[in-house]
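Structure data (mmCIF, C-alpha atoms) from target_7.cif:
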data_upload
#
loop_
_atom_site.group_PDB
_atom_site.id
_atom_site.type_symbol
_atom_site.label_atom_id
_atom_site.label_comp_id
_atom_site.auth_asym_id
_atom_site.auth_seq_id
_atom_site.Cartn_x
_atom_site.Cartn_y
_atom_site.Cartn_z
ATOM 1 C CA MET A 1 35.864 -26.544 -42.131
ATOM 2 C CA ARG A 2 33.369 -25.456 -44.761
ATOM 3 C CA PRO A 3 30.023 -27.242 -45.275
ATOM 4 C CA SER A 4 29.762 -30.220 -47.632
ATOM 5 C CA TRP A 5 27.866 -29.724 -50.891
ATOM 6 C CA HIS A 6 24.807 -31.455 -49.401
ATOM 7 C CA GLU A 7 24.914 -29.204 -46.339
ATOM 8 C CA TYR A 8 25.487 -26.105 -48.466
ATOM 9 C CA PHE A 9 22.491 -26.731 -50.706
ATOM 10 C CA MET A 10 20.242 -27.791 -47.817
ATOM 11 C CA MET A 11 21.152 -24.612 -45.929
ATOM 12 C CA LEU A 12 20.286 -22.626 -49.059
ATOM 13 C CA ALA A 13 16.892 -24.365 -49.167
ATOM 14 C CA LYS A 14 16.420 -23.452 -45.495
ATOM 15 C CA LEU A 15 17.325 -19.823 -46.216
ATOM 16 C CA ILE A 16 14.966 -19.764 -49.201
ATOM 17 C CA SER A 17 12.161 -21.025 -46.940
ATOM 18 C CA SER A 18 12.365 -17.729 -45.047
ATOM 19 C CA ARG A 19 10.543 -16.129 -48.019
ATOM 20 C CA SER A 20 7.571 -18.487 -47.589
ATOM 21 C CA THR A 21 4.201 -16.836 -47.063
ATOM 22 C CA CYS A 22 2.550 -19.986 -45.685
ATOM 23 C CA ASN A 23 1.820 -19.887 -41.953
ATOM 24 C CA SER A 24 1.534 -23.681 -41.663
ATOM 25 C CA ARG A 25 4.958 -24.663 -42.978
ATOM 26 C CA LYS A 26 7.932 -22.703 -44.217
ATOM 27 C CA VAL A 27 9.397 -24.795 -47.038
ATOM 28 C CA GLY A 28 12.242 -24.000 -49.400
ATOM 29 C CA ALA A 29 13.676 -25.852 -52.380
ATOM 30 C CA VAL A 30 16.717 -25.467 -54.584
ATOM 31 C CA ILE A 31 17.482 -27.467 -57.727
ATOM 32 C CA VAL A 32 21.084 -27.875 -58.810
ATOM 33 C CA LYS A 33 23.032 -29.706 -61.474
ATOM 34 C CA ASN A 34 26.760 -30.429 -61.251
ATOM 35 C CA ASN A 35 26.800 -28.290 -58.071
ATOM 36 C CA ILE A 36 25.467 -25.270 -59.965
ATOM 37 C CA ILE A 37 22.245 -23.664 -58.754
ATOM 38 C CA LEU A 38 19.555 -23.740 -61.444
ATOM 39 C CA VAL A 39 16.392 -22.530 -59.685
ATOM 40 C CA ALA A 40 14.841 -22.090 -56.268
ATOM 41 C CA GLY A 41 11.353 -21.883 -54.838
ATOM 42 C CA TYR A 42 9.396 -21.510 -51.618
ATOM 43 C CA ASN A 43 5.804 -22.217 -50.749
ATOM 44 C CA GLY A 44 3.331 -19.399 -50.953
ATOM 45 C CA ALA A 45 0.290 -17.991 -52.702
ATOM 46 C CA LEU A 46 0.234 -17.625 -56.456
ATOM 47 C CA GLY A 47 1.749 -14.412 -57.781
ATOM 48 C CA GLY A 48 -0.511 -11.421 -57.239
ATOM 49 C CA GLN A 49 -2.796 -13.287 -54.845
ATOM 50 C CA PRO A 50 -3.205 -12.522 -51.132
ATOM 51 C CA HIS A 51 -0.837 -14.421 -48.852
ATOM 52 C CA CYS A 52 -1.948 -16.083 -45.614
ATOM 53 C CA SER A 53 1.010 -14.428 -43.869
ATOM 54 C CA ASP A 54 -0.415 -11.012 -44.806
ATOM 55 C CA LYS A 55 -3.645 -11.652 -42.885
ATOM 56 C CA THR A 56 -2.633 -12.440 -39.305
ATOM 57 C CA PRO A 57 0.026 -14.629 -37.712
ATOM 58 C CA GLY A 58 -1.138 -18.235 -37.899
ATOM 59 C CA PHE A 59 -3.903 -17.544 -40.429
ATOM 60 C CA CYS A 60 -4.560 -20.363 -42.917
ATOM 61 C CA SER A 61 -7.193 -19.793 -45.595
ATOM 62 C CA ARG A 62 -7.892 -23.527 -45.887
ATOM 63 C CA ARG A 63 -8.392 -23.988 -42.152
ATOM 64 C CA TYR A 64 -10.425 -20.763 -42.000
ATOM 65 C CA MET A 65 -12.815 -22.367 -44.509
ATOM 66 C CA GLY A 66 -12.950 -25.512 -42.337
ATOM 67 C CA ILE A 67 -11.244 -27.722 -44.930
ATOM 68 C CA GLY A 68 -9.448 -30.752 -43.444
ATOM 69 C CA ASP A 69 -6.146 -32.299 -44.469
ATOM 70 C CA ALA A 70 -7.773 -34.806 -46.839
ATOM 71 C CA GLU A 71 -8.802 -31.975 -49.197
ATOM 72 C CA LYS A 72 -5.933 -29.598 -48.513
ATOM 73 C CA TYR A 73 -4.470 -29.642 -52.021
ATOM 74 C CA ASN A 74 -7.776 -28.544 -53.522
ATOM 75 C CA TYR A 75 -8.248 -25.540 -51.249
ATOM 76 C CA CYS A 76 -4.852 -24.278 -50.152
ATOM 77 C CA VAL A 77 -3.903 -20.981 -51.818
ATOM 78 C CA ALA A 78 -0.197 -21.837 -51.673
ATOM 79 C CA SER A 79 1.867 -23.586 -54.270
ATOM 80 C CA HIS A 80 4.585 -25.862 -52.899
ATOM 81 C CA ALA A 81 8.275 -24.946 -52.937
ATOM 82 C CA GLU A 82 9.212 -27.783 -55.318
ATOM 83 C CA SER A 83 6.390 -26.887 -57.682
ATOM 84 C CA ASN A 84 7.404 -23.225 -57.643
ATOM 85 C CA ALA A 85 11.023 -24.121 -58.419
ATOM 86 C CA ILE A 86 9.967 -26.364 -61.314
ATOM 87 C CA SER A 87 7.639 -23.629 -62.587
ATOM 88 C CA GLN A 88 10.494 -21.102 -62.480
ATOM 89 C CA ALA A 89 12.618 -23.465 -64.551
ATOM 90 C CA ALA A 90 9.832 -23.851 -67.113
ATOM 91 C CA ARG A 91 9.219 -20.107 -67.215
ATOM 92 C CA HIS A 92 12.892 -19.392 -67.903
ATOM 93 C CA GLY A 93 13.668 -22.345 -70.169
ATOM 94 C CA VAL A 94 15.943 -24.172 -67.722
ATOM 95 C CA SER A 95 16.184 -27.940 -68.176
ATOM 96 C CA LEU A 96 16.082 -29.900 -64.928
ATOM 97 C CA GLU A 97 16.957 -33.225 -66.578
ATOM 98 C CA GLY A 98 19.438 -35.036 -64.336
ATOM 99 C CA GLY A 99 19.233 -32.339 -61.664
ATOM 100 C CA THR A 100 19.235 -32.665 -57.894
ATOM 101 C CA LEU A 101 16.506 -31.272 -55.637
ATOM 102 C CA TYR A 102 17.205 -30.144 -52.084
ATOM 103 C CA CYS A 103 14.074 -29.433 -50.073
ATOM 104 C CA THR A 104 13.410 -28.705 -46.421
ATOM 105 C CA LEU A 105 10.404 -31.065 -46.458
ATOM 106 C CA GLU A 106 10.023 -34.429 -48.174
ATOM 107 C CA PRO A 107 7.966 -33.809 -51.327
ATOM 108 C CA CYS A 108 4.281 -34.675 -51.229
ATOM 109 C CA ASN A 109 2.809 -37.017 -53.838
ATOM 110 C CA ALA A 110 1.696 -34.169 -56.124
ATOM 111 C CA CYS A 111 5.173 -32.624 -56.123
ATOM 112 C CA LEU A 112 6.814 -36.028 -56.592
ATOM 113 C CA LYS A 113 4.894 -36.435 -59.828
ATOM 114 C CA GLN A 114 6.214 -33.088 -61.088
ATOM 115 C CA ILE A 115 9.755 -33.900 -59.927
ATOM 116 C CA ILE A 116 9.718 -37.224 -61.764
ATOM 117 C CA GLN A 117 8.222 -35.693 -64.914
ATOM 118 C CA ALA A 118 10.848 -32.899 -64.862
ATOM 119 C CA GLY A 119 13.616 -35.527 -64.990
ATOM 120 C CA ILE A 120 15.140 -34.707 -61.607
ATOM 121 C CA ALA A 121 17.453 -37.589 -60.711
ATOM 122 C CA GLU A 122 18.159 -37.039 -57.014
ATOM 123 C CA ILE A 123 15.968 -35.823 -54.159
ATOM 124 C CA TYR A 124 17.355 -34.821 -50.757
ATOM 125 C CA PHE A 125 15.073 -33.598 -47.987
ATOM 126 C CA GLU A 126 15.507 -32.568 -44.373
ATOM 127 C CA THR A 127 12.189 -33.495 -42.738
ATOM 128 C CA THR A 128 9.896 -36.379 -43.657
ATOM 129 C CA TYR A 129 6.425 -35.559 -44.924
ATOM 130 C CA ASP A 130 3.999 -36.461 -42.193
ATOM 131 C CA SER A 131 0.606 -37.071 -43.689
ATOM 132 C CA GLU A 132 -1.995 -38.791 -41.593
ATOM 133 C CA ASN A 133 -1.604 -42.005 -43.593
ATOM 134 C CA GLU A 134 1.749 -43.715 -43.027
ATOM 135 C CA GLN A 135 0.844 -46.521 -45.438
ATOM 136 C CA PHE A 136 0.255 -43.967 -48.201
ATOM 137 C CA ASP A 137 3.537 -42.182 -47.388
ATOM 138 C CA GLU A 138 5.467 -45.442 -47.624
ATOM 139 C CA PHE A 139 3.701 -46.307 -50.899
ATOM 140 C CA TRP A 140 4.929 -43.023 -52.409
ATOM 141 C CA ARG A 141 8.454 -43.516 -51.114
ATOM 142 C CA GLN A 142 8.563 -46.923 -52.793
ATOM 143 C CA THR A 143 7.040 -45.467 -55.965
ATOM 144 C CA VAL A 144 9.821 -42.892 -56.147
ATOM 145 C CA LYS A 145 12.516 -45.508 -55.542
ATOM 146 C CA ASN A 146 11.124 -47.578 -58.412
ATOM 147 C CA GLN A 147 10.968 -44.729 -60.925
ATOM 148 C CA ARG A 148 13.292 -44.890 -63.873
ATOM 149 C CA GLY A 149 15.601 -41.890 -63.634
ATOM 150 C CA VAL A 150 15.259 -41.221 -59.894
ATOM 151 C CA LYS A 151 18.517 -42.524 -58.428
ATOM 152 C CA VAL A 152 18.276 -41.139 -54.888
ATOM 153 C CA CYS A 153 15.464 -40.091 -52.557
ATOM 154 C CA LYS A 154 17.059 -39.599 -49.173
ATOM 155 C CA GLN A 155 16.687 -37.713 -45.923
ATOM 156 C CA ILE A 156 19.792 -35.757 -44.932
ATOM 157 C CA SER A 157 20.692 -33.322 -42.180
ATOM 158 C CA VAL A 158 23.031 -30.400 -41.726
ATOM 159 C CA SER A 159 25.695 -30.875 -39.055
ATOM 160 C CA ASP A 160 25.837 -28.530 -36.101
ATOM 161 C CA HIS A 161 29.354 -27.572 -37.187
ATOM 162 C CA ALA A 162 28.128 -26.476 -40.644
ATOM 163 C CA LYS A 163 25.246 -24.518 -39.072
ATOM 164 C CA ASP A 164 27.516 -22.776 -36.560
ATOM 165 C CA PHE A 165 30.133 -22.016 -39.213
ATOM 166 C CA THR A 166 27.496 -20.477 -41.483
ATOM 167 C CA ILE A 167 25.748 -18.548 -38.721
ATOM 168 C CA ASP A 168 29.066 -16.987 -37.727
ATOM 169 C CA ILE A 169 29.494 -15.806 -41.297
ATOM 170 C CA LEU A 170 25.909 -14.497 -41.457
ATOM 171 C CA LYS A 171 26.339 -12.581 -38.213
ATOM 172 C CA GLY A 172 29.670 -11.065 -39.165
ATOM 173 C CA ASN A 173 31.338 -9.373 -42.043
ATOM 174 C CA SER A 174 31.985 -11.835 -44.859
ATOM 175 C CA ASN A 175 34.576 -9.432 -46.254
ATOM 176 C CA ARG A 176 36.937 -9.952 -43.342
ATOM 177 C CA GLN A 177 40.618 -10.345 -44.032
ATOM 178 C CA ILE A 178 42.958 -12.850 -42.441
ATOM 179 C CA LYS A 179 45.355 -10.885 -40.227
ATOM 180 C CA GLU A 180 48.024 -13.531 -40.006
ATOM 181 C CA VAL A 181 48.989 -16.090 -42.629
ATOM 182 C CA ILE A 182 50.027 -19.412 -41.196
ATOM 183 C CA ALA A 183 52.815 -21.199 -43.066
ATOM 184 C CA ILE A 184 52.186 -24.809 -43.920
#
Starting from the coordinates I provided, produce the structure as structure tokens.
Amino acid sequence: MRPSWHEYFMMLAKLISSRSTCNSRKVGAVIVKNNIILVAGYNGALGGQPHCSDKTPGFCSRRYMGIGDAEKYNYCVASHAESNAISQAARHGVSLEGGTLYCTLEPCNACLKQIIQAGIAEIYFETTYDSENEQFDEFWRQTVKNQRGVKVCKQISVSDHAKDFTIDILKGNSNRQIKEVIAI
């Protein structure tokens, strides 16, 4: 009845994305090792800086400046969820070697470099990254698959059953007691 480990960690990444301050995409990431949560991150402005979500709904500082997608990494005020999770690990002395990343969005090329350098062995994502250059996207997917140390880079989904089961728990009291014990 309960969610699989993959579903559990992906749902955590989805929940973490609710803290995102980016109006373009809400992205969450969680890094685990041996099914133990190490760190988490979401995309948003650097600490102490103004967030796009604080301005107006739909506001994007990069788009406000007229910067297109080709230059987005140079002008966006947000740091990506994966990058924030890796930074949290570095800040707190947590090794990610051999860890597993769950992310709501397939990592971009800049984040993939950090993931590989951090020694993360498995990457699971919910939605593919949709840049405007499919050839470039496929190049990066193949690059990741060919990296020493990266064993898995795979899209996964959460079943409707796992979502419904979890939503019922979120809506109700998780401290409920079973009224009747069924003998096996």
- Which distance in Å separates CA of Thr143 (chain A) and CA of Ala89 (chain A), to one decimal? 24.3 Å
- May I have the residues within 12 Å of region 91-94 of chain A as an NGL selection string, using only C-alpha atoms and disregarding those fewer than 3 positions away in the same chain? :A and (31-33 or 37-40 or 84-88 or 97-99 or 118-119)
Just C-alpha atoms for this one: save the residues we selected as a PDB file, keeping the file's coordinate frame.
ATOM      1  CA  ILE A  31      17.482 -27.467 -57.727  1.00  0.00           C
ATOM      2  CA  VAL A  32      21.084 -27.875 -58.810  1.00  0.00           C
ATOM      3  CA  LYS A  33      23.032 -29.706 -61.474  1.00  0.00           C
ATOM      4  CA  ILE A  37      22.245 -23.664 -58.754  1.00  0.00           C
ATOM      5  CA  LEU A  38      19.555 -23.740 -61.444  1.00  0.00           C
ATOM      6  CA  VAL A  39      16.392 -22.530 -59.685  1.00  0.00           C
ATOM      7  CA  ALA A  40      14.841 -22.090 -56.268  1.00  0.00           C
ATOM      8  CA  ASN A  84       7.404 -23.225 -57.643  1.00  0.00           C
ATOM      9  CA  ALA A  85      11.023 -24.121 -58.419  1.00  0.00           C
ATOM     10  CA  ILE A  86       9.967 -26.364 -61.314  1.00  0.00           C
ATOM     11  CA  SER A  87       7.639 -23.629 -62.587  1.00  0.00           C
ATOM     12  CA  GLN A  88      10.494 -21.102 -62.480  1.00  0.00           C
ATOM     13  CA  GLU A  97      16.957 -33.225 -66.578  1.00  0.00           C
ATOM     14  CA  GLY A  98      19.438 -35.036 -64.336  1.00  0.00           C
ATOM     15  CA  GLY A  99      19.233 -32.339 -61.664  1.00  0.00           C
ATOM     16  CA  ALA A 118      10.848 -32.899 -64.862  1.00  0.00           C
ATOM     17  CA  GLY A 119      13.616 -35.527 -64.990  1.00  0.00           C
TER      18      GLY A 119
END
- Starting from the shown file, work through the PyMOL selection byres ((chain A and resi 127) around 7) and note down what comes out as number ranges by chain. A: 104-106, 125-126, 128-129, 155
- Might you pull out every residue within 10 Å of Val27 (chain A), with all atoms listed in the file counted and same-chain residues fewer than 5 positions away left off, and present them as a list in words? Ala13, Lys14, Leu15, Ile16, Ser17, Ser18, Arg19, Ser20, Thr21, Cys22, Gly41, Tyr42, Asn43, Gly44, His80, Ala81, Glu82, Cys103, Thr104, Leu105 and Glu106 of chain A
- Between CA of Cys76 (chain A) and CA of Gly58 (chain A) - distance in Å to one decimal: 14.2 Å
- Which value, in Å to one decimal, gives the distance between CA of Ala121 (chain A) and CA of Val150 (chain A)? 4.3 Å
- Go through A:Asp168, A:Tyr102, A:Gly149, A:Ile120 and flag the residue nearest Leu12 (chain A), using all atoms listed in the file for the distances. A:Tyr102
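Distances from A:Asn34, A:Ser4, A:Ser83, A:Ser24 to Arg62 (chain A) were compared using all atoms listed in the file, and the smallest one belongs to A:Ser24.
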- Using only C-alpha atoms, find the one residue out of A:Asn23, A:Gln135, A:Thr166, A:Ile156 that sits nearest to Lys55 (chain A). A:Asn23
